[in-house]
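The data block below is structure21.cif; it holds mmCIF, C-alpha atoms.
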```cif
data_entry
#
loop_
_atom_site.label_atom_id
_atom_site.label_comp_id
_atom_site.auth_asym_id
_atom_site.auth_seq_id
_atom_site.Cartn_x
_atom_site.Cartn_y
_atom_site.Cartn_z
CA MET A 116 165.19 -175.60 99.73
CA GLU A 117 165.26 -172.99 96.97
CA GLU A 118 165.46 -170.05 99.35
CA TYR A 119 168.20 -171.74 101.37
CA LEU A 120 170.25 -172.39 98.23
CA GLU A 121 169.88 -168.79 97.14
CA ILE A 122 171.35 -167.37 100.33
CA ALA A 123 174.01 -170.10 100.48
CA LYS A 124 175.14 -169.30 96.93
CA ARG A 125 175.51 -165.59 97.67
CA ILE A 126 177.66 -166.24 100.74
CA ILE A 127 179.80 -169.07 99.33
CA GLU A 128 180.79 -167.23 96.15
CA LEU A 129 182.24 -164.30 98.11
CA ARG A 130 186.00 -164.59 98.76
CA THR A 131 185.67 -163.80 102.46
CA THR A 132 189.28 -164.28 103.51
CA LYS A 133 191.13 -162.06 105.97
CA ASN A 134 193.05 -160.36 103.15
CA HIS A 135 189.76 -159.34 101.49
CA PRO A 136 188.08 -157.15 104.16
CA ILE A 137 185.77 -155.46 101.65
CA LEU A 138 184.35 -158.82 100.56
CA MET A 139 184.06 -159.82 104.23
CA GLN A 140 181.94 -156.73 104.79
CA GLU A 141 179.90 -157.58 101.70
CA GLY A 142 179.25 -161.01 103.19
CA LEU A 143 177.80 -159.43 106.34
CA LYS A 144 175.65 -157.18 104.16
CA VAL A 145 174.27 -160.24 102.34
CA CYS A 146 173.23 -161.63 105.74
CA LYS A 147 171.53 -158.34 106.59
CA ASP A 148 169.72 -158.10 103.28
CA TYR A 149 168.25 -161.57 103.75
CA PHE A 150 166.07 -160.15 106.57
CA SER A 151 164.87 -157.18 104.56
CA GLY A 152 161.34 -156.20 105.59
CA LEU A 153 161.33 -158.24 108.80
CA PRO A 154 161.15 -156.64 112.26
CA VAL A 155 164.69 -157.36 113.42
CA PHE A 156 167.49 -155.43 115.07
CA PHE A 157 170.91 -155.24 113.40
CA LYS A 158 173.86 -154.62 115.70
CA ASP A 159 177.21 -154.00 114.04
CA TYR A 160 180.39 -154.45 116.05
CA GLU A 161 184.07 -153.94 115.31
CA HIS A 162 187.11 -154.73 117.43
CA GLU A 163 190.72 -154.45 116.26
CA GLY A 164 189.44 -154.11 112.71
CA VAL A 165 187.35 -157.31 112.91
CA LYS A 166 183.65 -156.87 112.12
CA SER A 167 180.75 -158.87 113.54
CA LEU A 168 177.00 -158.77 112.98
CA LEU A 169 174.33 -159.62 115.54
CA ILE A 170 170.76 -160.04 114.25
CA LEU A 171 168.00 -160.16 116.87
CA ASN A 172 164.22 -160.19 116.90
CA VAL A 173 164.26 -158.73 120.43
CA ASP A 174 166.66 -155.99 121.47
CA THR A 175 168.60 -157.94 124.10
CA LEU A 176 172.04 -159.40 124.74
CA SER A 177 170.44 -162.39 126.47
CA PRO A 178 168.32 -164.12 123.80
CA GLU A 179 166.88 -167.51 124.57
CA VAL A 180 168.63 -168.96 121.49
CA LEU A 181 171.69 -167.73 119.62
CA MET A 182 172.75 -169.31 116.33
CA LEU A 183 176.49 -168.83 115.86
CA GLY A 184 178.47 -168.89 112.62
CA HIS A 185 181.47 -167.46 110.81
CA ILE A 186 181.92 -166.45 107.17
CA ASP A 187 185.72 -166.20 107.14
CA VAL A 188 187.42 -169.01 105.25
CA ALA A 189 190.90 -170.12 104.24
CA ASP A 190 192.03 -168.75 100.88
CA GLY A 191 192.44 -170.89 97.79
CA ASP A 192 192.18 -171.04 94.01
CA ASP A 193 189.41 -169.10 92.26
CA GLU A 194 187.75 -172.37 91.25
CA LEU A 195 187.07 -173.24 94.90
CA PHE A 196 184.82 -170.22 95.34
CA LYS A 197 182.30 -171.42 92.78
CA PHE A 198 178.91 -172.66 93.95
CA LYS A 199 178.36 -176.15 92.52
CA ILE A 200 175.72 -178.84 93.08
CA GLU A 201 176.41 -182.42 92.01
CA GLY A 202 173.88 -185.04 92.99
CA ASP A 203 172.90 -184.47 96.61
CA ARG A 204 176.04 -182.50 97.45
CA LEU A 205 176.80 -178.79 97.48
CA TYR A 206 180.47 -178.00 96.80
CA GLY A 207 182.51 -174.85 97.40
CA ARG A 208 185.05 -173.26 99.73
CA GLY A 209 183.46 -172.87 103.14
CA THR A 210 180.48 -175.16 102.60
CA SER A 211 181.57 -177.41 105.46
CA ASP A 212 183.44 -174.77 107.46
CA MET A 213 180.96 -173.15 107.62
CA LYS A 214 179.13 -170.94 105.13
CA ALA A 215 176.52 -173.55 104.24
CA PHE A 216 175.61 -173.62 107.93
CA VAL A 217 175.62 -169.84 108.27
CA ALA A 218 173.04 -169.96 105.49
CA SER A 219 171.04 -172.60 107.38
CA ASN A 220 171.21 -170.46 110.56
CA LEU A 221 169.80 -167.48 108.67
CA TYR A 222 167.16 -169.64 106.99
CA VAL A 223 165.98 -171.13 110.29
CA MET A 224 165.72 -167.77 112.02
CA LYS A 225 163.86 -166.18 109.10
CA GLN A 226 161.37 -169.06 108.78
CA LEU A 227 160.63 -168.93 112.51
CA LEU A 228 159.98 -165.19 112.37
CA VAL A 229 157.78 -165.52 109.29
CA ASP A 230 155.79 -168.19 111.15
CA GLY A 231 155.25 -165.80 114.07
CA TYR A 232 157.82 -167.10 116.56
CA LYS A 233 157.46 -165.12 119.81
CA GLY A 234 160.59 -166.16 121.68
CA SER A 235 163.87 -164.25 121.54
CA ILE A 236 166.33 -165.51 118.95
CA GLY A 237 169.46 -164.19 117.33
CA CYS A 238 172.16 -164.94 114.76
CA LEU A 239 175.75 -163.91 115.37
CA ILE A 240 177.98 -163.85 112.29
CA VAL A 241 181.69 -163.28 112.94
CA THR A 242 184.66 -162.90 110.61
CA ASP A 243 187.70 -164.15 112.54
CA GLU A 244 186.93 -167.69 113.71
CA GLU A 245 189.75 -169.14 111.60
CA ASP A 246 192.16 -166.84 113.45
CA GLY A 247 190.87 -167.85 116.88
CA GLY A 248 187.77 -165.71 117.28
CA PHE A 249 189.42 -163.33 119.74
CA ASN A 250 188.03 -160.15 118.21
CA GLY A 251 184.71 -161.67 117.19
CA THR A 252 182.96 -164.12 119.51
CA ARG A 253 185.34 -163.65 122.45
CA TYR A 254 184.86 -159.90 122.25
CA MET A 255 181.09 -160.29 122.09
CA VAL A 256 181.00 -162.56 125.16
CA ASP A 257 183.71 -161.08 127.37
CA GLU A 258 183.45 -157.37 126.56
CA ILE A 259 179.98 -156.76 125.10
CA GLY A 260 178.27 -159.19 127.50
CA LEU A 261 176.43 -161.49 125.10
CA ARG A 262 174.73 -164.13 127.25
CA PRO A 263 172.30 -166.41 125.40
CA LYS A 264 170.51 -169.18 127.24
CA ILE A 265 171.36 -171.64 124.45
CA VAL A 266 173.88 -171.40 121.62
CA LEU A 267 173.60 -173.55 118.49
CA VAL A 268 176.92 -174.00 116.67
CA PRO A 269 176.65 -175.98 113.40
CA ASP A 270 180.39 -176.55 113.13
CA ASP A 271 182.95 -179.34 113.66
CA GLY A 272 180.50 -182.25 113.84
CA ASP A 273 180.81 -183.66 110.28
CA ASN A 274 177.72 -185.87 110.56
CA ILE A 275 174.00 -185.33 111.12
CA ASN A 276 173.96 -188.10 113.76
CA THR A 277 177.00 -186.79 115.64
CA ILE A 278 177.04 -184.15 118.35
CA VAL A 279 180.27 -182.74 119.79
CA THR A 280 180.74 -183.05 123.55
CA ALA A 281 184.35 -181.88 124.01
CA SER A 282 187.23 -180.19 122.22
CA LYS A 283 190.95 -179.83 122.96
CA TYR A 284 193.08 -177.06 124.44
CA ILE A 285 194.78 -175.25 121.56
CA LEU A 286 198.21 -173.64 121.75
CA SER A 287 199.76 -171.69 118.88
CA ILE A 288 203.49 -171.33 119.52
CA LYS A 289 206.06 -169.22 117.65
CA PHE A 290 209.74 -170.20 117.98
CA ASN A 291 212.54 -167.73 117.24
CA ALA A 292 216.13 -168.78 116.49
CA LYS A 293 219.33 -166.74 116.25
CA GLY A 294 222.33 -168.19 114.45
CA ILE A 295 225.39 -166.79 112.68
CA SER A 296 225.34 -165.94 108.98
CA ALA A 297 227.93 -167.30 106.56
CA HIS A 298 228.28 -168.17 102.90
CA GLY A 299 226.62 -171.41 101.90
CA ASN A 300 229.88 -172.88 100.57
CA ARG A 301 231.38 -172.67 104.06
CA PRO A 302 228.48 -173.58 106.38
CA TRP A 303 230.90 -174.45 109.18
CA ASP A 304 231.67 -170.75 109.51
CA GLY A 305 228.11 -170.04 110.63
CA ILE A 306 225.23 -171.42 112.69
CA ASN A 307 222.09 -172.20 110.69
CA ALA A 308 219.03 -170.79 112.49
CA LEU A 309 216.74 -173.14 110.59
CA ASP A 310 218.73 -176.13 111.84
CA LEU A 311 218.25 -174.88 115.39
CA LEU A 312 214.49 -174.77 114.88
CA LEU A 313 214.36 -178.21 113.27
CA GLU A 314 216.34 -179.69 116.15
CA THR A 315 213.98 -178.05 118.64
CA TYR A 316 210.98 -179.37 116.73
CA GLN A 317 212.34 -182.92 116.65
CA ASN A 318 213.00 -182.77 120.39
CA LEU A 319 209.44 -181.65 121.03
CA LYS A 320 207.86 -184.06 118.56
CA LYS A 321 209.23 -187.03 120.50
CA ASN A 322 206.48 -186.37 123.02
CA PHE A 323 203.85 -187.02 120.30
CA SER A 324 205.23 -190.31 118.99
CA ILE A 325 201.89 -192.16 118.98
CA TYR A 326 201.20 -191.17 115.36
CA GLU A 327 204.73 -190.94 113.94
CA ASN A 328 205.50 -191.98 110.38
CA GLY A 329 201.98 -191.27 109.17
CA ARG A 330 200.29 -193.87 111.36
CA LYS A 331 196.63 -193.02 111.90
CA PRO A 332 195.58 -193.37 115.55
CA GLU A 333 192.51 -195.40 116.42
CA ASP A 334 191.02 -192.37 118.18
CA ASN A 335 191.85 -188.71 117.52
CA TRP A 336 191.41 -187.90 121.22
CA ILE A 337 195.18 -187.58 121.64
CA ASN A 338 197.69 -184.73 121.84
CA THR A 339 198.77 -183.51 118.40
CA ILE A 340 201.51 -181.27 117.03
CA ASN A 341 201.90 -179.71 113.60
CA LEU A 342 204.68 -177.57 112.16
CA GLY A 343 202.74 -175.22 109.90
CA VAL A 344 205.07 -172.34 109.01
CA MET A 345 208.86 -171.97 108.89
CA LYS A 346 210.68 -168.86 107.67
CA GLY A 347 214.35 -167.98 107.39
CA GLY A 348 217.09 -166.95 105.04
CA TYR A 349 217.24 -164.93 101.83
CA ALA A 350 219.08 -167.26 99.44
CA ALA A 351 220.03 -170.91 99.15
CA ASN A 352 223.73 -170.07 99.29
CA GLU A 353 223.46 -168.20 102.59
CA VAL A 354 223.46 -169.64 106.09
CA PRO A 355 220.43 -167.95 107.72
CA ALA A 356 221.13 -166.10 110.96
CA ILE A 357 217.46 -165.58 111.92
CA ALA A 358 214.51 -167.94 111.51
CA THR A 359 211.05 -168.56 112.94
CA MET A 360 208.56 -171.43 112.99
CA ASN A 361 204.92 -171.65 114.04
CA ILE A 362 203.55 -174.81 115.62
CA ASP A 363 199.97 -175.84 116.41
CA ILE A 364 199.55 -178.00 119.53
CA ARG A 365 196.27 -179.52 120.69
CA LEU A 366 195.90 -181.11 124.12
CA VAL A 367 193.41 -183.49 125.68
CA PRO A 368 192.54 -182.83 129.36
CA SER A 369 195.06 -185.41 130.64
CA THR A 370 197.85 -182.96 129.66
CA THR A 371 197.78 -179.49 131.15
CA LYS A 372 199.02 -176.33 129.49
CA GLU A 373 201.69 -176.04 132.20
CA GLU A 374 202.96 -179.56 131.50
CA MET A 375 203.21 -178.80 127.79
CA ILE A 376 205.06 -175.51 128.38
CA ASP A 377 207.55 -177.45 130.52
CA LEU A 378 208.10 -179.91 127.65
CA ILE A 379 208.59 -177.03 125.22
CA ILE A 380 211.22 -175.45 127.47
CA LYS A 381 213.06 -178.77 127.78
CA SER A 382 213.02 -179.14 123.96
CA LEU A 383 214.71 -175.82 123.23
CA VAL A 384 218.25 -175.80 121.92
CA THR A 385 220.69 -172.95 122.49
CA ASN A 386 219.64 -169.61 120.94
CA VAL A 387 216.01 -170.63 120.47
CA ASP A 388 213.16 -169.08 122.43
CA PHE A 389 209.38 -169.17 122.08
CA GLU A 390 206.20 -167.19 122.64
CA ILE A 391 202.52 -168.14 122.85
CA VAL A 392 200.85 -166.46 119.89
CA ALA A 393 197.35 -167.64 120.73
CA GLU A 394 195.56 -170.17 122.89
CA ALA A 395 192.03 -171.43 123.19
CA LYS A 396 190.50 -173.20 126.13
CA PRO A 397 188.61 -176.43 125.48
CA THR A 398 184.85 -176.69 125.13
CA ILE A 399 183.25 -179.13 127.56
CA VAL A 400 179.54 -179.74 126.96
CA ASP A 401 177.19 -180.70 129.80
CA THR A 402 175.62 -183.86 128.39
CA ASN A 403 173.10 -183.98 131.25
CA ASP A 404 171.68 -180.55 130.42
CA LYS A 405 167.94 -180.87 129.75
CA ASN A 406 168.09 -178.78 126.58
CA PHE A 407 171.04 -180.79 125.28
CA LEU A 408 169.12 -184.02 125.90
CA ARG A 409 166.00 -182.63 124.21
CA TYR A 410 168.07 -181.71 121.16
CA CYS A 411 169.62 -185.20 121.04
CA SER A 412 166.16 -186.78 121.11
CA LEU A 413 165.24 -184.71 118.04
CA ILE A 414 168.35 -185.89 116.18
CA LYS A 415 167.27 -189.47 116.78
CA GLU A 416 163.66 -188.74 115.81
CA LYS A 417 164.45 -186.87 112.58
CA THR A 418 167.21 -189.21 111.34
CA ASN A 419 165.95 -192.57 112.67
CA ASN A 420 169.47 -193.28 113.96
CA GLU A 421 171.16 -193.30 117.33
CA VAL A 422 173.05 -190.18 118.37
CA LEU A 423 176.84 -190.45 118.47
CA TYR A 424 178.96 -188.36 120.85
CA LYS A 425 182.19 -186.93 119.46
CA ARG A 426 185.29 -185.64 121.24
CA SER A 427 186.74 -183.33 118.64
CA GLY A 428 190.31 -182.58 117.68
CA GLY A 429 189.13 -179.32 116.15
CA GLY A 430 187.75 -176.24 117.81
CA THR A 431 184.92 -173.74 117.47
CA ASP A 432 183.95 -170.38 118.91
CA ALA A 433 181.62 -172.28 121.25
CA ARG A 434 184.60 -172.28 123.65
CA TYR A 435 183.86 -168.68 124.60
CA PHE A 436 180.47 -169.66 126.05
CA SER A 437 181.85 -172.49 128.20
CA ASN A 438 181.98 -170.48 131.41
CA SER A 439 178.94 -168.27 130.87
CA GLY A 440 176.19 -170.68 131.94
CA THR A 441 175.04 -171.16 128.35
CA THR A 442 173.83 -174.51 127.03
CA ILE A 443 176.19 -175.39 124.16
CA ILE A 444 175.02 -177.54 121.24
CA ILE A 445 177.61 -178.26 118.52
CA HIS A 446 175.92 -180.12 115.68
CA GLN A 447 175.94 -179.87 111.90
CA GLY A 448 174.93 -181.86 108.83
CA ASP A 449 176.89 -184.39 106.79
CA CYS A 450 179.93 -182.68 105.30
CA GLY A 451 183.62 -183.14 104.67
CA ASP A 452 187.00 -182.11 103.26
CA ALA A 453 186.96 -178.79 105.10
CA GLN A 454 189.43 -176.37 103.47
CA GLY A 455 190.14 -179.03 100.85
CA GLU A 456 189.58 -179.09 97.09
CA ASN A 457 186.33 -181.05 97.40
CA GLU A 458 184.76 -179.39 100.42
CA TYR A 459 181.07 -180.28 100.49
CA VAL A 460 177.85 -180.53 102.45
CA ASN A 461 175.03 -183.00 101.92
CA LEU A 462 171.80 -181.16 101.06
CA LYS A 463 169.49 -183.79 102.53
CA SER A 464 171.25 -183.40 105.86
CA ILE A 465 170.79 -179.62 105.71
CA LYS A 466 167.03 -180.21 105.50
CA GLN A 467 167.26 -182.57 108.48
CA LEU A 468 169.36 -180.06 110.41
CA THR A 469 166.97 -177.17 109.83
CA ASP A 470 164.00 -179.36 110.82
CA ILE A 471 165.76 -180.37 114.04
CA GLN A 472 166.71 -176.81 114.90
CA MET A 473 163.30 -175.32 114.17
CA GLU A 474 161.44 -177.91 116.22
CA PHE A 475 163.95 -177.58 119.05
CA ILE A 476 163.69 -173.78 119.15
CA LYS A 477 159.89 -173.92 119.08
CA SER A 478 159.92 -176.39 121.98
CA ILE A 479 161.72 -173.90 124.21
CA ASN A 480 158.58 -171.76 124.30
#
```
Final structure tokens representation of the file:
Amino acid sequence: MEEYLEIAKRIIELRTTKNHPILMQEGLKVCKDYFSGLPVFFKDYEHEGVKSLLILNVDTLSPEVLMLGHIDVADGDDELFKFKIEGDRLYGRGTSDMKAFVASNLYVMKQLLVDGYKGSIGCLIVTDEEDGGFNGTRYMVDEIGLRPKIVLVPDDGDNINTIVTASKYILSIKFNAKGISAHGNRPWDGINALDLLLETYQNLKKNFSIYENGRKPEDNWINTINLGVMKGGYAANEVPAIATMNIDIRLVPSTTKEEMIDLIIKSLVTNVDFEIVAEAKPTIVDTNDKNFLRYCSLIKEKTNNEVLYKRSGGGTDARYFSNSGTTIIIHQGDCGDAQGENEYVNLKSIKQLTDIQMEFIKSIN
């Protein structure tokens, strides 16, 4: 595992957030340097300022296997970007989501090539997954024409025995409110734009009452809503005339996008409108696909446990391969607290994951 830890350390300790583009580029260079001396092709892409790196052993946009990962992470305190091992866990920002697994992708591909692997394999490393992947993976699939036979995505699974079979439809909505400004000591002379947004939000939230008041649902396969950002006003003693809020909505297939838009419209109060900032279609995995089933059999063999299927409330860039005829496999090692203070990955499970992936890739040929 020494070589794996070396590359993981170099990636994890870089502050690869969207407001540090130079460090993001340095992260891609680290990935390139790892293959120094090996007969591989490096393809650099950029779209709307977002950089991506495709590493291939055969010069093709249709490799038999593509290993997908992202090095962009949420920002945080300096302490979070320190590489730390305690017991059998590796800690650091992005270990779970998903730098530790970018490192395992690179490690697997390199070991296969060193061992003389003759099939076509590639690693795609993108830098905008946390922002929706529109200028990274989506661009590569829809505009460049990347069409792998199989894509391995070590993201969103949380457990070495769990494989993701479905994800939700994601809607990112921005609401805009226009009120009337006034002095804070006479609020009745104005209309508070923030109040208009809060009233709209409460109207909309009534449609998500299953987990109100902090109640944890028995199954996360439900519609969810989260108010993440609200902005308005310049001072506490001023009634704000303009305000905005950003809401994240995630839908299971029983609710369509059109039905949700209708609920949003019905929730609006006077002088509030909305716009869709971003959306992501769900990922639906074909669980009868022969390659998917072969991979599942290897999970069971290598871990001596039954394979669990997971319908995820999260999302990955795997969504962009859903309609391309590609076999999608979303599976990672034991990990947790993504974007939290104690984000970690279990090192034993990384070894299991790399064993599973290498044997699976070899079996294709």
### Task
For the structure provided, state which residues fall under the PyMOL selection byres ((chain A and resi 465) around 12), and present them as JSON, numbers by chain.
{"A": [116, 119, 120, 123, 203, 204, 205, 210, 211, 215, 216, 217, 218, 219, 220, 222, 223, 269, 273, 274, 275, 417, 418, 446, 447, 448, 449, 450, 459, 460, 461, 462, 463, 464, 466, 467, 468, 469, 470, 471, 472]}
### Message
Taking 6 positions as the minimum chain separation for residues in the same chain, which residues sit within 12 Å of A:Ser369 when counting only C-alpha atoms? Answer as a ChimeraX atom specification.
### Response
/A:283-284,336-338,375
Selected residues written out with C-alpha atoms, as a compact mmCIF listing (two decimals), in the frame of the given file:
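File produced: selection.txt:
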```txt
# COMPACT_ATOMS: atom_id res chain seq x y z
CA LYS A 283 190.95 -179.83 122.96
CA TYR A 284 193.08 -177.06 124.44
CA TRP A 336 191.41 -187.90 121.22
CA ILE A 337 195.18 -187.58 121.64
CA ASN A 338 197.69 -184.73 121.84
CA MET A 375 203.21 -178.80 127.79
```
### Message
So that I can check the surroundings of stretch 394-400 of chain A, please list as a count of residues only every protein, DNA and RNA residue that reaches within 9 Å of it, counting all atoms listed in the file and ignoring chain neighbours fewer than 6 positions away.
### Response
27
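Among the candidates A:Arg125, A:His298, A:Lys197, A:Arg365, the residue lying nearest to A:Gly428 is A:Arg365 (atoms considered: all atoms listed in the file).
Taking atom CA of A:Asn352 as the reference point, atom CA of A:Trp303 is found at 13.0 Å.
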### Task
Please measure the separation of atom CA of A:Asn457 and atom CA of A:Tyr206, giving the value in Å to one decimal.
6.6 Å
